[in-house]
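Undergrad: I'm passing along final-v9.pdb; it holds PDB, C-alpha atoms, pLDDT in the B column.
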```
MODEL        1
ATOM      1  CA  MET A   1       0.000   0.000   0.000  1.00 62.00           C
ATOM      2  CA  ASN A   2       2.807   2.384   0.895  1.00 81.00           C
ATOM      3  CA  ASP A   3       4.501   1.676  -2.464  1.00 84.00           C
ATOM      4  CA  LYS A   4       1.267   2.501  -4.293  1.00 85.00           C
ATOM      5  CA  LYS A   5       1.119   5.913  -2.579  1.00 86.00           C
ATOM      6  CA  LYS A   6       4.754   6.625  -3.501  1.00 85.00           C
ATOM      7  CA  LEU A   7       4.110   5.547  -7.081  1.00 87.00           C
ATOM      8  CA  MET A   8       0.973   7.682  -7.287  1.00 88.00           C
ATOM      9  CA  GLY A   9       2.919  10.662  -5.878  1.00 88.00           C
ATOM     10  CA  LEU A  10       5.610  10.182  -8.500  1.00 90.00           C
ATOM     11  CA  TRP A  11       3.040  10.060 -11.311  1.00 91.00           C
ATOM     12  CA  ILE A  12       1.399  13.232 -10.006  1.00 92.00           C
ATOM     13  CA  ALA A  13       4.823  14.954  -9.855  1.00 91.00           C
ATOM     14  CA  ILE A  14       5.602  13.799 -13.405  1.00 93.00           C
ATOM     15  CA  GLY A  15       2.229  15.086 -14.593  1.00 92.00           C
ATOM     16  CA  LEU A  16       2.773  18.475 -12.939  1.00 91.00           C
ATOM     17  CA  LEU A  17       6.262  18.773 -14.392  1.00 91.00           C
ATOM     18  CA  LEU A  18       4.929  17.890 -17.843  1.00 91.00           C
ATOM     19  CA  CYS A  19       2.244  20.590 -17.536  1.00 89.00           C
ATOM     20  CA  LEU A  20       4.858  23.098 -16.384  1.00 90.00           C
ATOM     21  CA  ASN A  21       7.104  22.219 -19.343  1.00 90.00           C
ATOM     22  CA  LEU A  22       4.224  22.585 -21.807  1.00 89.00           C
ATOM     23  CA  ALA A  23       3.261  25.942 -20.294  1.00 90.00           C
ATOM     24  CA  THR A  24       6.890  27.135 -20.538  1.00 90.00           C
ATOM     25  CA  ILE A  25       7.151  26.049 -24.169  1.00 88.00           C
ATOM     26  CA  GLY A  26       3.862  27.803 -24.965  1.00 86.00           C
ATOM     27  CA  TRP A  27       5.024  30.990 -23.256  1.00 85.00           C
ATOM     28  CA  MET A  28       8.341  30.914 -25.158  1.00 84.00           C
ATOM     29  CA  MET A  29       6.618  30.378 -28.511  1.00 81.00           C
ATOM     30  CA  ASN A  30       4.182  33.233 -27.851  1.00 80.00           C
ATOM     31  CA  ARG A  31       7.021  35.514 -26.749  1.00 77.00           C
ATOM     32  CA  ALA A  32       9.026  34.701 -29.895  1.00 73.00           C
ATOM     33  CA  ARG A  33       5.966  35.454 -32.048  1.00 73.00           C
ATOM     34  CA  LEU A  34       5.527  38.850 -30.376  1.00 67.00           C
ATOM     35  CA  ILE A  35       9.210  39.700 -30.819  1.00 63.00           C
ATOM     36  CA  ARG A  36       9.078  38.783 -34.525  1.00 64.00           C
ATOM     37  CA  ALA A  37       5.931  40.875 -34.986  1.00 57.00           C
ATOM     38  CA  ASN A  38       7.575  43.867 -33.305  1.00 52.00           C
ATOM     39  CA  ARG A  39      10.696  43.532 -35.455  1.00 56.00           C
ATOM     40  CA  GLN A  40       8.601  43.495 -38.617  1.00 55.00           C
ATOM     41  CA  HIS A  41       6.569  46.545 -37.540  1.00 60.00           C
ATOM     42  CA  PRO A  42       8.595  48.622 -35.069  1.00 65.00           C
ATOM     43  CA  GLU A  43       6.384  51.631 -35.748  1.00 72.00           C
ATOM     44  CA  ALA A  44       3.350  49.749 -34.422  1.00 77.00           C
ATOM     45  CA  LEU A  45       5.172  49.084 -31.161  1.00 77.00           C
ATOM     46  CA  LEU A  46       5.984  52.764 -30.710  1.00 82.00           C
ATOM     47  CA  VAL A  47       2.460  53.876 -31.622  1.00 86.00           C
ATOM     48  CA  ASP A  48       1.025  51.348 -29.161  1.00 84.00           C
ATOM     49  CA  ARG A  49       3.403  52.104 -26.292  1.00 86.00           C
ATOM     50  CA  LEU A  50       2.976  55.864 -26.617  1.00 90.00           C
ATOM     51  CA  ASP A  51      -0.765  55.571 -27.245  1.00 89.00           C
ATOM     52  CA  PHE A  52      -0.718  57.924 -30.239  1.00 91.00           C
ATOM     53  CA  SER A  53      -3.953  59.546 -31.332  1.00 92.00           C
ATOM     54  CA  PRO A  54      -5.051  58.976 -34.952  1.00 92.00           C
ATOM     55  CA  GLU A  55      -3.643  62.399 -35.896  1.00 94.00           C
ATOM     56  CA  GLN A  56      -0.312  61.589 -34.240  1.00 93.00           C
ATOM     57  CA  GLN A  57      -0.232  58.220 -36.012  1.00 91.00           C
ATOM     58  CA  THR A  58      -0.718  59.918 -39.376  1.00 93.00           C
ATOM     59  CA  ARG A  59       2.004  62.465 -38.660  1.00 94.00           C
ATOM     60  CA  TYR A  60       4.334  59.731 -37.350  1.00 93.00           C
ATOM     61  CA  ARG A  61       3.855  57.698 -40.540  1.00 91.00           C
ATOM     62  CA  GLU A  62       4.723  60.814 -42.555  1.00 94.00           C
ATOM     63  CA  LEU A  63       7.859  61.434 -40.465  1.00 94.00           C
ATOM     64  CA  ARG A  64       8.864  57.788 -40.796  1.00 92.00           C
ATOM     65  CA  ALA A  65       8.358  57.846 -44.580  1.00 93.00           C
ATOM     66  CA  GLN A  66      10.478  61.007 -44.832  1.00 95.00           C
ATOM     67  CA  PHE A  67      13.194  59.415 -42.704  1.00 94.00           C
ATOM     68  CA  GLU A  68      13.191  56.233 -44.786  1.00 92.00           C
ATOM     69  CA  GLN A  69      13.328  58.262 -48.008  1.00 95.00           C
ATOM     70  CA  ARG A  70      16.319  60.261 -46.759  1.00 94.00           C
ATOM     71  CA  SER A  71      18.177  57.385 -45.137  1.00 93.00           C
ATOM     72  CA  LYS A  72      17.718  54.701 -47.820  1.00 94.00           C
ATOM     73  CA  PRO A  73      20.352  56.118 -50.216  1.00 94.00           C
ATOM     74  CA  LEU A  74      22.854  56.403 -47.353  1.00 92.00           C
ATOM     75  CA  GLN A  75      22.117  52.872 -46.146  1.00 92.00           C
ATOM     76  CA  ASP A  76      22.407  51.507 -49.683  1.00 93.00           C
ATOM     77  CA  SER A  77      25.671  53.361 -50.260  1.00 92.00           C
ATOM     78  CA  LEU A  78      27.067  52.165 -46.943  1.00 91.00           C
ATOM     79  CA  GLY A  79      26.133  48.593 -47.832  1.00 91.00           C
ATOM     80  CA  THR A  80      27.882  48.919 -51.194  1.00 92.00           C
ATOM     81  CA  ILE A  81      31.029  50.268 -49.545  1.00 90.00           C
ATOM     82  CA  ARG A  82      30.939  47.520 -46.906  1.00 90.00           C
ATOM     83  CA  ARG A  83      30.568  44.792 -49.556  1.00 90.00           C
ATOM     84  CA  ALA A  84      33.418  46.312 -51.572  1.00 87.00           C
ATOM     85  CA  LEU A  85      35.623  46.387 -48.492  1.00 87.00           C
ATOM     86  CA  PHE A  86      34.936  42.792 -47.501  1.00 87.00           C
ATOM     87  CA  GLY A  87      35.350  41.736 -51.102  1.00 86.00           C
ATOM     88  CA  GLN A  88      39.017  42.686 -50.711  1.00 82.00           C
ATOM     89  CA  PHE A  89      39.851  39.879 -48.279  1.00 80.00           C
ATOM     90  CA  GLY A  90      41.822  37.950 -50.887  1.00 82.00           C
ATOM     91  CA  ASN A  91      43.753  41.019 -52.046  1.00 84.00           C
ATOM     92  CA  VAL A  92      46.598  42.944 -50.507  1.00 85.00           C
ATOM     93  CA  LEU A  93      45.048  46.221 -49.450  1.00 82.00           C
ATOM     94  CA  PRO A  94      47.457  48.994 -48.460  1.00 89.00           C
ATOM     95  CA  ASP A  95      46.685  50.841 -45.231  1.00 89.00           C
ATOM     96  CA  SER A  96      46.072  54.073 -47.140  1.00 90.00           C
ATOM     97  CA  ALA A  97      43.329  52.425 -49.227  1.00 86.00           C
ATOM     98  CA  LEU A  98      41.816  50.783 -46.154  1.00 87.00           C
ATOM     99  CA  ASN A  99      41.866  54.076 -44.268  1.00 90.00           C
ATOM    100  CA  ARG A 100      40.182  55.836 -47.194  1.00 91.00           C
ATOM    101  CA  ILE A 101      37.364  53.249 -47.300  1.00 89.00           C
ATOM    102  CA  VAL A 102      36.923  53.280 -43.518  1.00 89.00           C
ATOM    103  CA  SER A 103      36.811  57.100 -43.512  1.00 92.00           C
ATOM    104  CA  GLN A 104      34.141  57.014 -46.188  1.00 92.00           C
ATOM    105  CA  MET A 105      32.143  54.535 -44.090  1.00 91.00           C
ATOM    106  CA  GLU A 106      32.556  56.747 -41.013  1.00 93.00           C
ATOM    107  CA  ARG A 107      31.207  59.770 -42.928  1.00 93.00           C
ATOM    108  CA  GLN A 108      28.208  57.735 -44.120  1.00 92.00           C
ATOM    109  CA  ASN A 109      27.553  56.434 -40.602  1.00 92.00           C
ATOM    110  CA  GLY A 110      27.810  59.970 -39.238  1.00 93.00           C
ATOM    111  CA  GLN A 111      25.234  61.214 -41.736  1.00 94.00           C
ATOM    112  CA  LEU A 112      22.914  58.330 -40.842  1.00 93.00           C
ATOM    113  CA  MET A 113      23.274  59.023 -37.125  1.00 92.00           C
ATOM    114  CA  ARG A 114      22.465  62.712 -37.675  1.00 94.00           C
ATOM    115  CA  LEU A 115      19.363  61.741 -39.668  1.00 94.00           C
ATOM    116  CA  ARG A 116      18.250  59.264 -37.002  1.00 91.00           C
ATOM    117  CA  PHE A 117      18.818  61.764 -34.209  1.00 92.00           C
ATOM    118  CA  ARG A 118      16.815  64.474 -35.990  1.00 95.00           C
ATOM    119  CA  HIS A 119      14.068  61.964 -36.806  1.00 94.00           C
ATOM    120  CA  TRP A 120      13.693  60.930 -33.166  1.00 91.00           C
ATOM    121  CA  GLN A 121      13.723  64.580 -32.094  1.00 93.00           C
ATOM    122  CA  GLN A 122      10.805  65.204 -34.461  1.00 95.00           C
ATOM    123  CA  VAL A 123       8.965  62.154 -33.128  1.00 93.00           C
ATOM    124  CA  ARG A 124       9.468  63.387 -29.571  1.00 93.00           C
ATOM    125  CA  LEU A 125       8.080  66.817 -30.500  1.00 93.00           C
ATOM    126  CA  LEU A 126       5.009  65.056 -31.862  1.00 92.00           C
ATOM    127  CA  CYS A 127       4.279  63.679 -28.375  1.00 92.00           C
ATOM    128  CA  THR A 128       2.256  65.237 -25.573  1.00 93.00           C
ATOM    129  CA  PRO A 129       4.211  65.959 -22.350  1.00 93.00           C
ATOM    130  CA  ARG A 130       2.991  62.666 -20.841  1.00 93.00           C
ATOM    131  CA  GLN A 131       4.008  60.793 -23.988  1.00 92.00           C
ATOM    132  CA  GLN A 132       7.358  62.598 -24.024  1.00 92.00           C
ATOM    133  CA  ALA A 133       8.127  61.262 -20.546  1.00 92.00           C
ATOM    134  CA  ARG A 134       7.280  57.734 -21.741  1.00 91.00           C
ATOM    135  CA  PHE A 135       9.291  58.282 -24.942  1.00 90.00           C
ATOM    136  CA  ASP A 136      12.295  59.407 -22.879  1.00 90.00           C
ATOM    137  CA  ARG A 137      12.106  56.277 -20.707  1.00 88.00           C
ATOM    138  CA  MET A 138      11.817  54.071 -23.807  1.00 85.00           C
ATOM    139  CA  SER A 139      14.687  55.791 -25.608  1.00 83.00           C
ATOM    140  CA  THR A 140      16.930  55.561 -22.531  1.00 82.00           C
ATOM    141  CA  ARG A 141      16.218  51.845 -22.220  1.00 75.00           C
ATOM    142  CA  LEU A 142      16.729  51.256 -25.954  1.00 70.00           C
ATOM    143  CA  THR A 143      19.897  53.335 -26.036  1.00 72.00           C
ATOM    144  CA  ASN A 144      21.318  51.292 -23.182  1.00 70.00           C
ATOM    145  CA  GLN A 145      20.544  48.099 -25.153  1.00 61.00           C
ATOM    146  CA  SER A 146      21.692  49.284 -28.588  1.00 53.00           C
ATOM    147  CA  VAL A 147      20.238  52.100 -30.661  1.00 48.00           C
ATOM    148  CA  LEU A 148      16.768  53.348 -31.450  1.00 46.00           C
ATOM    149  CA  PRO A 149      14.885  51.229 -33.991  1.00 49.00           C
ATOM    150  CA  THR A 150      15.777  51.793 -37.613  1.00 50.00           C
ATOM    151  CA  ASN A 151      14.531  50.389 -40.847  1.00 47.00           C
ATOM    152  CA  GLU A 152      17.621  48.190 -41.246  1.00 42.00           C
TER     153      GLU A 152
ENDMDL
END
```
Could the structure of this file be written out as structure tokens, please?
TA:
Amino acid sequence: MNDKKKLMGLWIAIGLLLCLNLATIGWMMNRARLIRANRQHPEALLVDRLDFSPEQQTRYRELRAQFEQRSKPLQDSLGTIRRALFGQFGNVLPDSALNRIVSQMERQNGQLMRLRFRHWQQVRLLCTPRQQARFDRMSTRLTNQSVLPTNE
């Protein structure tokens, strides 16, 4: 009789652990789905977190389109330069040539950073004071992790 109780207790523990594992897997899959959705539509995350009004959403979409239009040529050019640089692995590349390419990349990156900074300033000005406080907290957290979302 005592062995039956121990066996029953073990089966109950196994069942509970199985349920816990299934719940953990479900939570992880849902979390991954949300992360993928946010990466595909970062503007939706910002609009949702800041609780933009319909007018603010329209203006934000306009600002984002302007930013993408201005930054796309720089991003494309930077990608071309980067591919050209890494295409030189098999060749002997003098330091002067490498420095020239790296300087060009630094200029492009600087222009992109200026555009991004101005874009996020405009987005912040679009916000109400309450939204600005939330935006500041979000941008501080994102800046500590990496950089503000881009269209890359």
Undergrad: Find the axis-aligned box for segment 111-118 of chain A, covering all its listed atoms and adding 4 Å on each side, and write its centre and edge lengths in Å to one decimal as lines of an AutoDock Vina configuration file.
TA:
```
center_x = 21.0
center_y = 61.4
center_z = -38.0
size_x = 16.4
size_y = 14.1
size_z = 15.5
```
Undergrad: For a quick check of understanding, using all atoms listed in the file, which of A:Gln104, A:Thr58, A:Asn91, A:Thr24 has the smallest distance to Glu43 of chain A?
TA: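 Distance minimum relative to Glu43 of chain A lands on A:Thr58.
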Undergrad: For the structure shown, which residues end up in the PyMOL selection byres ((chain A and resi 64) around 10)? Put them as number ranges by chain, please?
TA: A: 43, 58-63, 65-70, 119-120, 122-123, 150-151
Undergrad: Atom CA of Ser139 of chain A to atom CA of Arg124 of chain A: how many Å, to one decimal?
TA: 10.0 Å
Undergrad: Can you turn the PyMOL selection byres ((chain A and resi 85) around 12) into a concrete residue list for this file, as a list in words?
TA: Leu78, Gly79, Thr80, Ile81, Arg82, Arg83, Ala84, Phe86, Gly87, Gln88, Phe89, Gly90, Asn91, Val92, Leu93, Ala97, Leu98, Asn99, Arg100, Ile101, Val102, Ser103, Gln104 and Met105 of chain A
Undergrad: Could you tell me how far atom CA of Gln56 of chain A lies from atom CA of Gln121 of chain A, in Å and to one decimal?
TA: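 Pair atom CA of Gln56 of chain A / atom CA of Gln121 of chain A returns 14.5 Å.
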Undergrad: Go through A:Asp48, A:Asn2, A:Glu55, A:Asp95 one by one, measure the shortest atom-to-atom distance of each to Arg134 of chain A using all atoms listed in the file, and give the residue with the smallest value.
TA: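 When distances to Arg134 of chain A are compared using all atoms listed in the file, the smallest one comes from A:Asp48.
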Undergrad: Mind giving me the straight-line distance from atom CA of Gln131 of chain A to atom CA of Leu45 of chain A in Å, one decimal?
TA: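 Going from atom CA of Gln131 of chain A over to atom CA of Leu45 of chain A, I get 13.8 Å.
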Undergrad: Could you expand the PyMOL selection byres ((chain A and resi 113) around 12) into the explicit residues it covers here, written as a PyMOL selection string?
TA: chain A and resi 67+70-71+74-75+106-112+114-120+147-150
Undergrad: Which is closest to Val47 of chain A among A:Met28, A:Leu22, A:Cys127, A:Leu142, if we use only C-alpha atoms?
TA: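 Between A:Met28, A:Leu22, A:Cys127, A:Leu142, the residue approaching Val47 of chain A most closely is A:Cys127.
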Undergrad: Nearest residue to Gln57 of chain A out of A:Met29, A:Leu18, A:Lys5, A:Leu126, using only C-alpha atoms?
TA: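 Looking only at the distances to Gln57 of chain A, the closest residue turns out to be A:Leu126.
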